[in-house]
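So the structure is just underneath, and the comments pick up after that.
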Amino acid sequence: MLSAESAVLVRATLPVVAEALDEITTRFYGTMLHDRPELLDGMFNRGNQAGGTQRRALAGSIAAFATALLDSPDTRPDALLARIAHKHAAVGVTADQYTIVHKYLFCAIADVLGDAVTSEVAAAWDEVYWLMAGALIGQEARLYQDAGVRPGEIWRPWTVVERRTETPDVVSFLLRPADGVPAPPARAGQYVSVRVLMTDGVHQLRQYSLSSEPDGDLRRITVKRVTGDASTPDGEVSAWLHDHVREGVELTLSTPFGDVFLDEPSDAGTPLVLLSAGIGCTPMTGILARLAALRSTRPVLVLHADSSPRDHALRAETRELVGQLAGARSVFWYERPGPEEPDARTGLMDLSDTGLPDGATVFLCGPLPFMRAVRGQLLRAGVPARHIRYEVFGPDLWLPDTTV
């Protein structure tokens, strides 16, 4: 709980701090990674740094957390930070690293805001930071404990036993533990980090959803080659995986994490809507595979949008899994329809006549513009915000917009 004295100062300075957060986080990351370059080796993704998504996600989370403290002063917004805690655990963040972040973040605040940061204002925002850090440290400690690993010690070797081309720019890798130890538990919908050594000697990592049934010792990830544009570089990790990984190659994977997963069996009767676009289909396929393995009879509506049937990764497998579930049906949308899916709809996803089931839990994954548009449709259709669970690939730029 934020103290009353600090709450007054944080409320008064929040507009100024929020307006400067992009500049603050830019300076923070620039200075910290200059002084501590080892953090770029397997902790921070260079593509996210170059594209600015990491700093925008940090800025949004700080502003959202401070706002939540002010709006509900008697409660700590742990639920707001659950997603961040899972992302941190998936890259091996440890409690001592919060002290490093604090040092560089508050230096950046002082540099950017100058004389506006009095000792009282600094103390108030210091309280906000350590409330946020403390909540995250606690959640991450529980995640590590539940996963049966020591804090930060999340990495294990896995061997690729099969590589399969899904579309011209998507491949799947089937993996088995290389150390002979049983695979760690995972829930359908969760993800793993993949850590690779680049040609310049720096480790880079990226998260990929488990796209198959997560039980047993075989796990699958499905990777789209990320092509950059004028403002963002090509995806280093996805390109390396596409270009270099074949059967027999050993990869380093993290313990599975992720706060968006299939609840079982507590919600076994609740209708599900699995709603995705593009490579956002991967966690949905994992969820469908788990439901099929359980011989679930719960109502399931699978909705997916893509460029064309040829570009729709895991399309045939999705159809097969839907056919195995007595209560499931699917609807696909394509910008460029093809004969492979004669019953598909044309254009962008429109939920108006899809027969959304009452009381459903919605899983949502895809590009941010798509998720914003579809979430708006869901809310207008009467689906409560708390029933919409979403997954973002990479830093979560959407968190402040989905906390109600």
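Note on naming: chains are A, B, ... as they come in the structure tokens, residues start from 1 per chain, ligands start from 1 in the order shown.
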**Asked** Using the chain letters and numbers from this document, which residues of range 85-312 of chain A does DSSP assign to alpha helix (DSSP H), as number ranges by chain?
**Response** A: 85-89, 97-113, 119-147, 236-244, 281-293
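Non-sequential neighbours of range 102-117 of chain A (distance at most 7 Å, separation of 2 or more positions within a chain, only C-alpha atoms) are Ile24, Arg27, Phe28, Met32, Tyr98, Thr99, Ile100, Ser119, Val121 and Ala122 of chain A.
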Can you check which parts of range 149-173 of chain A lie within 12 Å of range 206-212 of chain A? Per residue, the shortest pair of atoms and distance in Å to one decimal, counting only C-alpha atoms, sorted by chain and number, as a Markdown table.
```
| residue | atom | partner | partner_atom | distance |
| --- | --- | --- | --- | --- |
| A:Val171 | CA | A:Ser211 | CA | 11.4 |
| A:Ser172 | CA | A:Ser211 | CA | 8.6 |
| A:Phe173 | CA | A:Ser211 | CA | 9.7 |
```
Taking a cut-off of 9 Å and counting only C-alpha atoms, can you build a table that, for each residue of range 278-312 of chain A near range 351-369 of chain A, reports the nearest atom pair and how far apart they are in Å (one decimal), sorted by chain then residue number, as CSV?
```
residue,atom,partner,partner_atom,distance
A:Gly278,CA,A:Gly366,CA,6.2
A:Ile279,CA,A:Gly366,CA,6.7
A:Gly280,CA,A:Gly366,CA,4.3
A:Cys281,CA,A:Cys365,CA,7.1
A:Thr282,CA,A:Cys365,CA,8.7
A:Pro283,CA,A:Cys365,CA,8.0
A:Met284,CA,A:Phe363,CA,7.8
A:Pro299,CA,A:Pro357,CA,8.2
A:Val300,CA,A:Pro357,CA,8.8
A:Leu301,CA,A:Leu356,CA,7.7
A:Leu303,CA,A:Thr354,CA,8.7
```
**Residue with smallest distance to Pro182 in chain A - pool A:Thr255, A:Gly235, A:Pro339, A:Ala124, counting only C-alpha atoms** = A:Thr255
**Asked** Which residue out of A:Ala4, A:Lys224, A:Thr285, A:Asn45 has the minimum interatomic distance to Asp74 in chain A when only C-alpha atoms are used?
**Response** A:Ala4
**Asked** Near Ala90 in chain A, within 9 Å and counting only C-alpha atoms, which residues show up once chain neighbours fewer than 4 positions away are dropped, as an MDAnalysis selection string?
**Response** chainID A and resid 85:86 152 154 191:193 207 254:258
**Asked** as a list in words, which residues of range 4-173 of chain A does DSSP assign to strand (DSSP E)?
**Response** Trp155, Arg156, Pro157, Trp158, Thr159, Val160, Val161, Glu162, Arg163, Arg164, Thr165, Glu166, Thr167, Val170, Val171, Ser172 and Phe173 of chain A
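Relative to CA of Arg329 in chain A, CA of Ile221 in chain A is found at 24.3 Å.
For range 5-8 of chain A, the residues within 9 Å (counting only C-alpha atoms, excluding itself and residues fewer than 5 positions away along the chain) are Thr13, Leu69, Leu70, Pro73, Glu120, Val121, Ala123, Ala124, Trp125, Glu127 and Val128 of chain A.
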Prev. selection, N, CA and C atoms, output as a PDB file, in the first residue's frame:
```
ATOM      1  N   THR A  13       2.561  14.497  -9.479  1.00  0.00           N
ATOM      2  CA  THR A  13       3.638  14.450 -10.476  1.00  0.00           C
ATOM      3  C   THR A  13       3.433  13.392 -11.551  1.00  0.00           C
ATOM      4  N   LEU A  69      -2.197   2.050  -7.928  1.00  0.00           N
ATOM      5  CA  LEU A  69      -1.969   2.366  -6.514  1.00  0.00           C
ATOM      6  C   LEU A  69      -2.816   3.551  -6.073  1.00  0.00           C
ATOM      7  N   LEU A  70      -2.937   4.545  -6.947  1.00  0.00           N
ATOM      8  CA  LEU A  70      -3.714   5.736  -6.590  1.00  0.00           C
ATOM      9  C   LEU A  70      -5.210   5.453  -6.603  1.00  0.00           C
ATOM     10  N   PRO A  73      -5.949   2.518  -3.190  1.00  0.00           N
ATOM     11  CA  PRO A  73      -4.821   2.640  -2.259  1.00  0.00           C
ATOM     12  C   PRO A  73      -4.734   1.543  -1.209  1.00  0.00           C
ATOM     13  N   GLU A 120      11.701  14.874  -1.878  1.00  0.00           N
ATOM     14  CA  GLU A 120      10.406  14.318  -1.481  1.00  0.00           C
ATOM     15  C   GLU A 120       9.757  13.559  -2.647  1.00  0.00           C
ATOM     16  N   VAL A 121       9.839  14.159  -3.828  1.00  0.00           N
ATOM     17  CA  VAL A 121       9.268  13.498  -5.010  1.00  0.00           C
ATOM     18  C   VAL A 121      10.029  12.205  -5.302  1.00  0.00           C
ATOM     19  N   ALA A 123      11.586  10.332  -3.194  1.00  0.00           N
ATOM     20  CA  ALA A 123      11.238   9.333  -2.182  1.00  0.00           C
ATOM     21  C   ALA A 123       9.876   8.713  -2.465  1.00  0.00           C
ATOM     22  N   ALA A 124       8.927   9.529  -2.955  1.00  0.00           N
ATOM     23  CA  ALA A 124       7.594   9.010  -3.255  1.00  0.00           C
ATOM     24  C   ALA A 124       7.652   8.007  -4.406  1.00  0.00           C
ATOM     25  N   TRP A 125       8.376   8.347  -5.463  1.00  0.00           N
ATOM     26  CA  TRP A 125       8.482   7.428  -6.598  1.00  0.00           C
ATOM     27  C   TRP A 125       9.361   6.217  -6.273  1.00  0.00           C
ATOM     28  N   GLU A 127       9.180   4.773  -3.450  1.00  0.00           N
ATOM     29  CA  GLU A 127       8.226   3.889  -2.787  1.00  0.00           C
ATOM     30  C   GLU A 127       7.403   3.118  -3.823  1.00  0.00           C
ATOM     31  N   VAL A 128       6.987   3.821  -4.882  1.00  0.00           N
ATOM     32  CA  VAL A 128       6.256   3.154  -5.960  1.00  0.00           C
ATOM     33  C   VAL A 128       7.110   2.041  -6.567  1.00  0.00           C
TER      34      VAL A 128
END
```
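For the atom pair formed by CA of Leu174 in chain A and CA of Phe393 in chain A, the distance is 20.0 Å, given to one decimal.
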**Request:** Name the closest residue to Glu391 in chain A among the candidates A:Ala186, A:Ala63, A:Ala12, A:Ile84; distances are taken between atoms, counting only C-alpha atoms.
**Result:**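 Among the listed residues, the smallest separation from Glu391 in chain A belongs to A:Ile84.
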